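target18.txt (compact mmCIF, C-alpha atoms and all ligand atoms)
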```
# COMPACT_ATOMS: atom_id res chain seq x y z
CA MET A 1 0.00 0.00 0.00
CA LYS A 2 1.22 3.47 -0.85
CA ARG A 3 2.12 5.36 2.26
CA ALA A 4 0.28 8.59 2.80
CA ARG A 5 2.10 11.83 3.52
CA ILE A 6 -0.29 14.16 5.20
CA TYR A 7 0.38 17.77 6.09
CA MET A 8 -1.31 19.04 9.26
CA ASP A 9 1.13 21.72 10.32
CA HIS A 10 -0.49 24.80 8.80
CA HIS A 11 0.55 27.03 11.72
CA ALA A 12 4.15 26.60 10.59
CA THR A 13 3.47 27.36 6.95
CA THR A 14 0.97 26.63 4.19
CA PRO A 15 1.42 25.43 0.60
CA VAL A 16 1.15 28.06 -2.12
CA ASP A 17 -2.34 27.89 -3.63
CA PRO A 18 -1.99 27.00 -7.36
CA ARG A 19 -4.01 30.12 -8.24
CA VAL A 20 -1.48 32.20 -6.35
CA LEU A 21 1.41 30.61 -8.23
CA ASP A 22 -0.30 31.26 -11.57
CA ALA A 23 -0.71 34.92 -10.69
CA MET A 24 2.96 35.20 -9.71
CA LEU A 25 4.66 33.45 -12.62
CA PRO A 26 4.56 36.25 -15.23
CA PHE A 27 6.26 38.58 -12.76
CA PHE A 28 9.43 36.47 -12.76
CA THR A 29 9.80 36.54 -16.55
CA GLU A 30 7.94 38.95 -18.87
CA GLU A 31 6.92 41.44 -16.19
CA PHE A 32 10.18 41.57 -14.29
CA GLY A 33 10.39 45.36 -13.96
CA ASN A 34 11.47 47.27 -10.88
CA ALA A 35 8.39 48.89 -9.40
CA ALA A 36 10.48 51.99 -8.64
CA SER A 37 11.56 52.48 -12.29
CA ARG A 38 9.66 55.54 -13.43
CA SER A 39 11.03 55.85 -16.97
CA HIS A 40 9.55 52.87 -18.84
CA SER A 41 6.61 50.51 -19.06
CA PHE A 42 8.45 47.62 -17.36
CA GLY A 43 8.54 49.70 -14.21
CA TRP A 44 5.03 51.05 -14.61
CA ARG A 45 3.53 47.59 -15.09
CA ALA A 46 5.31 46.29 -11.99
CA GLU A 47 4.18 49.30 -9.98
CA GLU A 48 0.61 48.86 -11.16
CA ALA A 49 0.62 45.22 -10.06
CA VAL A 50 2.09 46.17 -6.67
CA GLU A 51 -0.51 48.87 -6.06
CA LYS A 52 -3.38 46.59 -7.07
CA SER A 53 -2.12 43.97 -4.62
CA ARG A 54 -1.66 46.57 -1.91
CA GLU A 55 -5.33 47.49 -2.22
CA THR A 56 -6.50 43.88 -2.00
CA ILE A 57 -4.24 43.17 0.98
CA ALA A 58 -5.38 46.32 2.79
CA GLY A 59 -9.01 45.44 2.05
CA LEU A 60 -8.75 42.07 3.79
CA ILE A 61 -7.96 43.80 7.11
CA HIS A 62 -10.20 46.86 6.48
CA ALA A 63 -7.25 49.23 6.10
CA GLY A 64 -6.34 51.73 3.40
CA PRO A 65 -3.66 50.90 0.81
CA LYS A 66 -1.39 53.69 2.08
CA GLU A 67 -1.34 51.98 5.46
CA ILE A 68 0.40 48.84 4.13
CA VAL A 69 4.21 48.58 4.30
CA PHE A 70 5.70 45.54 2.58
CA THR A 71 8.33 43.59 4.53
CA SER A 72 10.01 40.19 4.25
CA GLY A 73 7.47 38.60 6.61
CA ALA A 74 5.92 38.82 10.03
CA THR A 75 9.25 38.61 11.84
CA GLU A 76 10.42 41.78 10.14
CA SER A 77 7.02 43.43 10.63
CA ASP A 78 7.18 42.70 14.37
CA ASN A 79 10.71 44.11 14.52
CA LEU A 80 9.69 47.24 12.60
CA ALA A 81 6.64 47.81 14.81
CA ILE A 82 8.49 47.36 18.09
CA PHE A 83 11.92 48.89 17.39
CA GLY A 84 10.34 51.51 15.12
CA THR A 85 8.05 52.67 17.94
CA ALA A 86 10.75 52.46 20.60
CA GLU A 87 13.17 54.54 18.55
CA PHE A 88 10.53 57.11 17.70
CA LEU A 89 8.97 57.48 21.15
CA TRP A 90 11.77 56.74 23.64
CA GLU A 91 11.83 60.32 24.83
CA ARG A 92 8.17 60.04 25.78
CA GLY A 93 8.54 56.74 27.62
CA LYS A 94 10.42 53.50 27.83
CA HIS A 95 7.75 51.06 28.97
CA LEU A 96 6.14 48.32 26.84
CA VAL A 97 3.45 45.78 27.65
CA THR A 98 3.35 42.30 26.13
CA CYS A 99 2.67 38.74 27.19
CA GLY A 100 4.62 35.52 27.82
CA THR A 101 2.86 33.56 25.06
CA GLU A 102 3.91 35.85 22.19
CA HIS A 103 5.94 34.62 19.23
CA LEU A 104 9.71 34.91 19.64
CA ALA A 105 9.67 37.59 16.93
CA VAL A 106 8.03 39.80 19.57
CA LEU A 107 9.65 38.42 22.72
CA ASP A 108 13.20 38.65 21.38
CA CYS A 109 12.65 42.29 20.33
CA CYS A 110 11.39 43.06 23.83
CA ARG A 111 14.35 41.32 25.42
CA ARG A 112 16.71 43.38 23.27
CA LEU A 113 14.94 46.58 24.29
CA ALA A 114 15.15 45.55 27.94
CA ASN A 115 18.93 45.34 27.51
CA ARG A 116 18.86 48.89 26.22
CA GLY A 117 17.11 50.34 29.26
CA PHE A 118 13.44 49.82 28.38
CA GLU A 119 11.09 48.20 30.85
CA ILE A 120 8.80 45.40 29.72
CA THR A 121 5.70 44.15 31.52
CA TYR A 122 4.85 40.55 30.64
CA LEU A 123 1.15 40.02 31.27
CA PRO A 124 0.03 36.67 32.66
CA VAL A 125 -2.42 34.45 30.76
CA ASP A 126 -5.12 32.22 32.20
CA ALA A 127 -5.08 28.44 31.81
CA THR A 128 -6.61 28.79 28.34
CA GLY A 129 -3.88 31.14 27.13
CA ARG A 130 -5.78 34.45 27.20
CA VAL A 131 -4.88 37.79 28.80
CA SER A 132 -7.44 39.74 30.76
CA PRO A 133 -8.25 43.31 29.66
CA ASP A 134 -8.18 44.35 33.34
CA ASP A 135 -4.57 43.20 33.58
CA VAL A 136 -3.75 45.26 30.50
CA ARG A 137 -5.35 48.35 32.04
CA ALA A 138 -3.54 47.80 35.33
CA ALA A 139 -0.19 47.46 33.58
CA LEU A 140 -0.38 50.84 31.81
CA ARG A 141 1.78 53.68 33.13
CA PRO A 142 2.32 57.27 32.08
CA ASP A 143 5.51 56.16 30.28
CA THR A 144 3.93 53.22 28.42
CA ILE A 145 4.46 53.63 24.65
CA LEU A 146 3.30 50.31 23.20
CA ILE A 147 1.13 47.27 23.89
CA SER A 148 2.05 44.27 21.74
CA LEU A 149 -0.26 41.24 21.81
CA MET A 150 -1.01 38.61 19.20
CA VAL A 151 -4.49 38.12 17.77
CA ALA A 152 -4.27 34.32 17.75
CA ASN A 153 -1.63 32.13 19.31
CA ASN A 154 0.43 29.97 16.95
CA GLU A 155 0.61 26.98 19.28
CA VAL A 156 -2.76 26.68 21.00
CA GLY A 157 -4.83 28.97 18.77
CA SER A 158 -6.28 30.98 21.67
CA LEU A 159 -7.69 34.39 20.78
CA HIS A 160 -7.03 37.42 22.99
CA PRO A 161 -9.92 39.87 23.61
CA ILE A 162 -8.34 42.26 21.09
CA SER A 163 -11.21 44.76 20.64
CA GLU A 164 -11.53 45.31 24.37
CA ILE A 165 -7.79 45.86 24.66
CA GLY A 166 -7.90 48.18 21.65
CA LYS A 167 -10.40 50.38 23.48
CA ILE A 168 -8.21 50.51 26.57
CA ALA A 169 -5.18 51.40 24.47
CA LYS A 170 -7.12 54.22 22.82
CA GLU A 171 -8.41 55.58 26.15
CA HIS A 172 -4.85 55.75 27.42
CA LYS A 173 -3.38 56.99 24.12
CA VAL A 174 -0.98 54.05 23.97
CA LEU A 175 -0.14 52.48 20.60
CA PHE A 176 -1.40 48.93 20.09
CA HIS A 177 0.50 46.42 17.95
CA CYS A 178 -0.86 42.98 17.05
CA ASP A 179 0.95 40.06 15.48
CA ALA A 180 -1.91 38.68 13.38
CA SER A 181 0.12 36.12 11.40
CA GLN A 182 -2.15 33.25 12.42
CA ALA A 183 -5.37 35.22 12.22
CA VAL A 184 -5.38 36.97 8.84
CA GLY A 185 -7.09 34.70 6.33
CA ARG A 186 -8.43 32.40 9.05
CA ILE A 187 -10.77 34.63 11.02
CA PRO A 188 -12.12 38.09 10.20
CA VAL A 189 -9.58 40.81 11.02
CA ASP A 190 -10.70 44.46 11.04
CA VAL A 191 -8.15 47.00 12.24
CA GLU A 192 -10.88 49.60 12.84
CA ALA A 193 -13.18 47.37 14.87
CA MET A 194 -10.20 46.00 16.81
CA GLY A 195 -8.68 49.42 17.53
CA VAL A 196 -5.26 48.30 16.34
CA ASP A 197 -2.54 50.78 15.29
CA LEU A 198 0.07 48.36 13.94
CA LEU A 199 -0.58 44.86 12.63
CA SER A 200 1.90 42.24 11.37
CA PHE A 201 1.01 39.49 8.93
CA THR A 202 2.67 37.27 6.37
CA ALA A 203 1.76 35.65 3.06
CA HIS A 204 3.02 32.12 3.73
CA LYS A 205 0.47 31.53 6.50
CA LEU A 206 -2.40 32.13 4.07
CA TYR A 207 -1.38 30.09 1.01
CA GLY A 208 0.94 32.74 -0.39
CA PRO A 209 4.72 32.60 -0.89
CA LYS A 210 7.39 32.79 1.82
CA GLY A 211 9.50 35.91 2.23
CA ILE A 212 6.79 38.52 1.84
CA GLY A 213 4.70 40.10 4.57
CA ALA A 214 3.30 43.42 5.64
CA LEU A 215 3.00 45.81 8.51
CA TYR A 216 -0.20 47.80 8.74
CA VAL A 217 0.62 51.30 10.04
CA ARG A 218 -2.38 53.45 10.98
CA LYS A 219 -2.55 56.74 9.06
CA LYS A 220 -5.19 58.56 11.06
CA ASN A 221 -6.69 58.63 14.58
CA PRO A 222 -3.83 58.64 15.35
CA ARG A 223 -1.26 58.93 12.60
CA VAL A 224 1.41 56.46 13.70
CA ARG A 225 5.05 57.38 13.09
CA LEU A 226 7.91 54.92 13.20
CA ALA A 227 11.65 54.96 12.71
CA PRO A 228 12.79 52.57 9.93
CA LEU A 229 15.00 49.56 10.68
CA LEU A 230 16.74 49.64 7.29
CA HIS A 231 18.20 52.58 5.43
CA GLY A 232 18.88 53.05 1.74
CA GLY A 233 16.10 54.60 -0.32
CA GLY A 234 12.70 56.11 0.07
CA HIS A 235 10.56 53.04 -0.70
CA GLU A 236 7.41 52.29 1.27
CA GLY A 237 6.98 55.79 2.63
CA GLY A 238 10.54 55.80 3.91
CA LEU A 239 9.80 52.89 6.24
CA ARG A 240 11.28 50.00 4.30
CA PRO A 241 13.88 50.62 1.59
CA GLY A 242 14.91 48.01 -0.96
CA THR A 243 13.61 46.89 -4.36
CA LEU A 244 10.13 45.50 -3.93
CA ASN A 245 9.57 41.74 -4.22
CA VAL A 246 7.04 42.13 -7.03
CA PRO A 247 6.21 38.44 -7.64
CA GLY A 248 5.89 37.95 -3.88
CA ILE A 249 3.61 40.95 -3.53
CA VAL A 250 1.44 39.78 -6.45
CA GLY A 251 1.19 36.34 -4.81
CA PHE A 252 0.38 37.90 -1.43
CA GLY A 253 -2.37 39.95 -3.12
CA LYS A 254 -3.87 36.92 -4.84
CA ALA A 255 -3.72 34.95 -1.57
CA CYS A 256 -5.59 37.74 0.24
CA GLU A 257 -8.17 37.96 -2.55
CA ILE A 258 -8.88 34.22 -2.26
CA ALA A 259 -8.89 34.38 1.55
CA GLY A 260 -11.48 37.17 1.46
CA ASP A 261 -13.69 35.10 -0.86
CA VAL A 262 -13.54 31.80 1.04
CA LEU A 263 -12.86 32.81 4.65
CA LEU A 264 -16.23 32.08 6.24
CA GLU A 265 -16.89 28.89 4.33
CA GLU A 266 -13.35 27.61 4.82
CA SER A 267 -13.24 28.36 8.51
CA SER A 268 -16.46 26.49 9.17
CA ARG A 269 -15.25 23.54 7.09
CA LEU A 270 -11.95 23.45 8.99
CA ARG A 271 -13.71 23.78 12.34
CA GLU A 272 -15.80 20.73 11.47
CA LEU A 273 -12.75 18.74 10.42
CA ARG A 274 -10.85 19.85 13.51
CA ASP A 275 -13.72 18.79 15.78
CA ARG A 276 -13.93 15.47 13.96
CA LEU A 277 -10.22 14.92 14.56
CA HIS A 278 -10.62 15.79 18.23
CA ARG A 279 -13.70 13.61 18.75
CA GLY A 280 -12.09 10.71 16.91
CA ILE A 281 -9.03 10.81 19.13
CA VAL A 282 -10.73 11.24 22.51
CA SER A 283 -13.35 8.59 21.78
CA GLU A 284 -10.56 6.01 21.50
CA LEU A 285 -8.02 7.23 24.01
CA GLU A 286 -8.15 8.19 27.66
CA GLU A 287 -6.12 10.95 29.32
CA VAL A 288 -5.95 13.29 26.37
CA HIS A 289 -6.00 16.96 27.38
CA LEU A 290 -6.93 19.94 25.24
CA ASN A 291 -4.51 22.87 25.44
CA GLY A 292 -5.98 26.30 24.74
CA HIS A 293 -9.50 27.64 24.90
CA PRO A 294 -12.30 25.21 23.93
CA GLU A 295 -14.15 27.86 21.86
CA LEU A 296 -12.20 31.09 21.63
CA ARG A 297 -9.47 29.75 19.38
CA LEU A 298 -8.61 29.39 15.71
CA PRO A 299 -10.94 27.09 13.79
CA ASN A 300 -8.06 24.99 12.42
CA ASN A 301 -6.07 24.49 15.62
CA LEU A 302 -5.95 21.43 17.85
CA ASN A 303 -3.30 21.16 20.54
CA LEU A 304 -3.48 18.02 22.67
CA SER A 305 -1.41 16.49 25.45
CA PHE A 306 -1.28 12.69 25.52
CA SER A 307 -0.34 11.69 29.08
CA TYR A 308 2.60 9.27 29.38
CA VAL A 309 3.69 9.70 25.75
CA GLU A 310 6.53 12.01 24.66
CA GLY A 311 5.37 14.28 21.85
CA GLU A 312 8.65 13.70 20.01
CA SER A 313 8.25 9.91 20.18
CA LEU A 314 4.67 10.17 19.01
CA MET A 315 5.72 12.24 15.99
CA LEU A 316 8.37 9.66 15.10
CA ALA A 317 5.86 6.85 15.45
CA MET A 318 3.56 8.50 12.90
CA ASP A 319 6.13 10.05 10.59
CA ASP A 320 3.78 10.03 7.61
CA VAL A 321 1.78 12.77 9.32
CA ALA A 322 3.31 16.25 9.56
CA VAL A 323 2.42 17.88 12.89
CA SER A 324 4.61 19.53 15.49
CA SER A 325 5.40 19.08 19.14
CA GLY A 326 6.11 21.91 21.55
CA SER A 327 6.81 24.96 19.44
CA ALA A 328 8.03 24.40 15.91
CA CYS A 329 10.37 27.35 16.31
CA THR A 330 12.03 26.09 19.45
CA SER A 331 11.65 22.34 19.15
CA ALA A 332 15.39 22.14 18.47
CA THR A 333 15.74 22.81 22.18
CA GLN A 334 14.55 20.33 24.77
CA GLU A 335 12.75 23.05 26.72
CA PRO A 336 8.99 22.60 26.88
CA SER A 337 7.01 25.19 24.94
CA HIS A 338 7.14 28.66 26.53
CA VAL A 339 3.47 29.07 25.60
CA LEU A 340 2.26 25.99 27.49
CA LYS A 341 4.53 26.95 30.38
CA ALA A 342 3.02 30.44 30.60
CA MET A 343 -0.44 28.83 30.64
CA GLY A 344 0.59 26.83 33.70
CA VAL A 345 0.74 23.45 31.94
CA SER A 346 3.17 21.19 33.83
CA ASP A 347 6.49 20.35 32.12
CA GLU A 348 5.39 16.74 32.11
CA LEU A 349 2.20 17.40 30.15
CA ALA A 350 3.89 20.00 27.93
CA HIS A 351 6.35 17.35 26.76
CA THR A 352 3.44 15.17 25.66
CA SER A 353 1.79 17.84 23.50
CA LEU A 354 1.16 17.76 19.77
CA ARG A 355 -0.09 20.59 17.61
CA PHE A 356 -2.36 19.84 14.66
CA GLY A 357 -3.01 22.67 12.21
CA LEU A 358 -5.56 21.95 9.51
CA GLY A 359 -5.63 23.70 6.18
CA ARG A 360 -7.34 24.35 2.87
CA PHE A 361 -6.37 21.09 1.17
CA ASN A 362 -6.96 18.66 4.05
CA THR A 363 -9.83 16.23 3.49
CA ARG A 364 -12.13 14.27 5.74
CA GLU A 365 -10.39 11.06 4.62
CA GLU A 366 -7.09 12.50 5.79
CA VAL A 367 -8.59 13.41 9.15
CA ASP A 368 -9.89 9.88 9.62
CA TYR A 369 -6.53 8.44 8.64
CA VAL A 370 -4.75 10.71 11.13
CA VAL A 371 -7.18 9.70 13.91
CA GLY A 372 -6.26 6.09 13.25
CA ARG A 373 -2.52 6.77 13.23
CA VAL A 374 -2.66 8.81 16.46
CA VAL A 375 -4.76 6.25 18.31
CA GLU A 376 -2.63 3.32 17.17
CA SER A 377 0.65 5.12 17.95
CA VAL A 378 -0.41 6.36 21.38
CA LYS A 379 -1.66 2.90 22.38
CA LYS A 380 1.59 1.32 21.24
CA LEU A 381 3.75 3.86 23.05
CA ARG A 382 1.70 3.63 26.22
CA GLU A 383 2.07 -0.14 26.19
CA ILE A 384 5.82 0.23 26.51
CA SER A 385 5.68 3.22 28.87
CA PRO A 386 6.74 2.39 32.44
CA LEU A 387 4.90 5.51 33.65
CA TYR A 388 1.66 4.34 32.10
CA GLU A 389 2.18 0.88 33.58
CA LEU A 390 2.67 2.46 36.98
CA ALA A 391 -0.45 4.59 36.65
CA LEU A 392 -2.50 1.55 35.65
CA ASP A 393 -1.14 -0.43 38.58
CA GLU A 394 -2.06 2.37 40.92
CA ARG A 395 -5.56 2.52 39.58
CA ARG A 396 -5.97 -1.26 39.88
CA GLY A 397 -4.54 -1.06 43.38
CA SER A 398 -7.04 1.52 44.51
CA ARG A 399 -9.90 -0.37 42.90
CA ALA A 400 -8.82 -3.54 44.71
CA GLY A 401 -9.33 -1.74 47.99
CA GLY A 402 -6.05 0.08 48.40
CA LEU A 403 -3.73 -2.89 48.84
CA ARG A 404 -0.64 -0.67 48.78
C1 LIG B 501 4.81 32.44 11.47
C2 LIG B 501 4.72 33.49 12.48
C3 LIG B 501 5.66 34.54 12.53
C4 LIG B 501 6.84 34.61 11.58
O1 LIG B 501 6.45 34.93 10.30
P1 LIG B 501 7.52 34.97 9.12
O2 LIG B 501 6.80 35.52 7.95
O3 LIG B 501 7.94 33.55 8.92
O4 LIG B 501 8.65 35.84 9.57
C5 LIG B 501 5.50 35.51 13.49
N1 LIG B 501 4.49 35.47 14.37
C6 LIG B 501 3.59 34.49 14.37
C7 LIG B 501 2.47 34.49 15.37
C8 LIG B 501 3.68 33.46 13.43
O5 LIG B 501 2.77 32.48 13.46
```

Spell out the structure here as structure tokens.
Amino acid sequence: MKRARIYMDHHATTPVDPRVLDAMLPFFTEEFGNAASRSHSFGWRAEEAVEKSRETIAGLIHAGPKEIVFTSGATESDNLAIFGTAEFLWERGKHLVTCGTEHLAVLDCCRRLANRGFEITYLPVDATGRVSPDDVRAALRPDTILISLMVANNEVGSLHPISEIGKIAKEHKVLFHCDASQAVGRIPVDVEAMGVDLLSFTAHKLYGPKGIGALYVRKKNPRVRLAPLLHGGGHEGGLRPGTLNVPGIVGFGKACEIAGDVLLEESSRLRELRDRLHRGIVSELEEVHLNGHPELRLPNNLNLSFSYVEGESLMLAMDDVAVSSGSACTSATQEPSHVLKAMGVSDELAHTSLRFGLGRFNTREEVDYVVGRVVESVKKLREISPLYELALDERRGSRAGGLR
């Protein structure tokens, strides 16, 4: 029998949608112009394609095209938002507010700023991975210049109460940055309704190419000003010099156009598949714990801890299924995920966690196959687990009237 190879790691990256690739291809060959070339039609055509994409991309998050700055991805967007604000506003204040479950692209920027004399407040999260708006309010000080919180977590999918926090930020005249890499294209994102001033996102999480992303920078109420990270030309309103990645931008635009068209239908389809995966697994296995919020999370995310089974061993046992254990970004280290840790999950359970991320091209057949592989692999691994053996013995012991 042919062995399946199933991809269920869509929080790490997504395949390029064939329609996106088709839209990009001409911009590598015939339409290869530099969008900044003003003297000929090669340049004009490239610029036209870039501006059309910018409008589509802005539309998906309810922004204006002038509020979109192209970057190399969400990591760069996070860096530009955080360092750009810090460098522009340091004379007004040197205090930032963020949270322990953020992506390293945010946490590492904050750590760097802390080394340069800024103060960072790391808000706690509850057991489901969410911050409380009251904690945000309580953390604000006269010298606070930025709140940075993600819309949706990349490991457990939990959604922060962004609109409520946006209101608090506005009341206190503090800028609000959101890393929305996991949210854009998966759930509705509206920078006006959410009260967000800066928003990072990236094409490769929504079926676009890698290496292209954007930072939304609010133009009015208030007009946000940033210092650039890179220097060398006036591109992107002076915020991000360098020749534009035209094929990437065209692909990003097409990906956003498709996302806008299919978002509601796709998210309900993925939610159904995700719930089917979850039900299938827990109906066959005991001691499986859900990490994250049961409802307020991304429709395609499922993060489970399988007691007595190392996540790494489980992944090896079902190596025809692509998922991830701990955090994909830090799984080179043996440290349990910083996200699960911040949520108060014990190291023991964190080590047994697996993240499933469903996507556009996953089918119901694939979900059923994955249920089978997970159940079979967990049972096998538990059979040879001394910890599981011990737990069973204990349970038998107590049932037999506490012989121990
Ligand atoms: C993927 C991801 C990033 C990094 O995006 P790149 O485009 O790969 O730099 C940042 N933040 C979050 C929440 C992500 O999921």

- Task: Kindly provide, as a PyMOL selection string, all nucleotide and amino acid residues lying within 9 Å of ligand LIG 501 (chain B), counting all atoms listed in the file.
- Result: chain A and resi 11-13+71-78+102-106+150-155+179-183+200-205+210-214+329

Using only C-alpha atoms, the shortest atom-to-atom distance to Glu348 in chain A among A:Ala169, A:Val323, A:Gly93, A:Phe306 belongs to A:Phe306

Please list as an MDAnalysis selection string every residue within 10 Å of Val131 in chain A, counting all atoms listed in the file and excluding residues in the same chain fewer than 3 positions away. chainID A and resid 98:101 123:128 134:136 149 158:162 165

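Between CA of Val375 in chain A and CA of Gly280 in chain A the interatomic distance comes to 8.7 Å.
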
For this session: Rank nothing, just name the residue among A:Gly195, A:Gly260, A:Pro299, A:Gly185 nearest to Leu358 in chain A, using all atoms listed in the file.
Result: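 When distances to Leu358 in chain A are compared using all atoms listed in the file, the smallest one comes from A:Pro299.
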
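Distance check against Tyr369 in chain A using only C-alpha atoms: of A:Ile281, A:Ala391, A:Val262, A:Ala193, the minimum falls on A:Ile281.
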
Show which residues sit within 10 Å of range 21-26 of chain A, as a CSV table (one decimal) with C-alpha atoms, in the coordinates of the input. Count only C-alpha atoms, and ignore same-chain residues fewer than 4 positions away.
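Result saved to selection07.csv:
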```
chain,number,residue,atom,x,y,z
A,16,VAL,CA,1.2,28.1,-2.1
A,17,ASP,CA,-2.3,27.9,-3.6
A,30,GLU,CA,7.9,39.0,-18.9
A,31,GLU,CA,6.9,41.4,-16.2
A,32,PHE,CA,10.2,41.6,-14.3
A,207,TYR,CA,-1.4,30.1,1.0
A,208,GLY,CA,0.9,32.7,-0.4
A,209,PRO,CA,4.7,32.6,-0.9
A,246,VAL,CA,7.0,42.1,-7.0
A,247,PRO,CA,6.2,38.4,-7.6
A,248,GLY,CA,5.9,38.0,-3.9
A,249,ILE,CA,3.6,41.0,-3.5
A,250,VAL,CA,1.4,39.8,-6.4
A,251,GLY,CA,1.2,36.3,-4.8
A,252,PHE,CA,0.4,37.9,-1.4
A,253,GLY,CA,-2.4,40.0,-3.1
A,254,LYS,CA,-3.9,36.9,-4.8
A,255,ALA,CA,-3.7,35.0,-1.6
```

- Task: Using only C-alpha atoms, find all polymer residues with an atom at most 10 Å away from the point (-10.7, 42.8, 0.3); report them as a list of chain:residue names.
- Result: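 Here is the list of nearby residues: A:Ser53, A:Glu55, A:Thr56, A:Ile57, A:Ala58, A:Gly59, A:Leu60, A:Ile61, A:His62, A:Ala63, A:Gly253, A:Cys256, A:Glu257, A:Ile258, A:Ala259, A:Gly260, A:Asp261.
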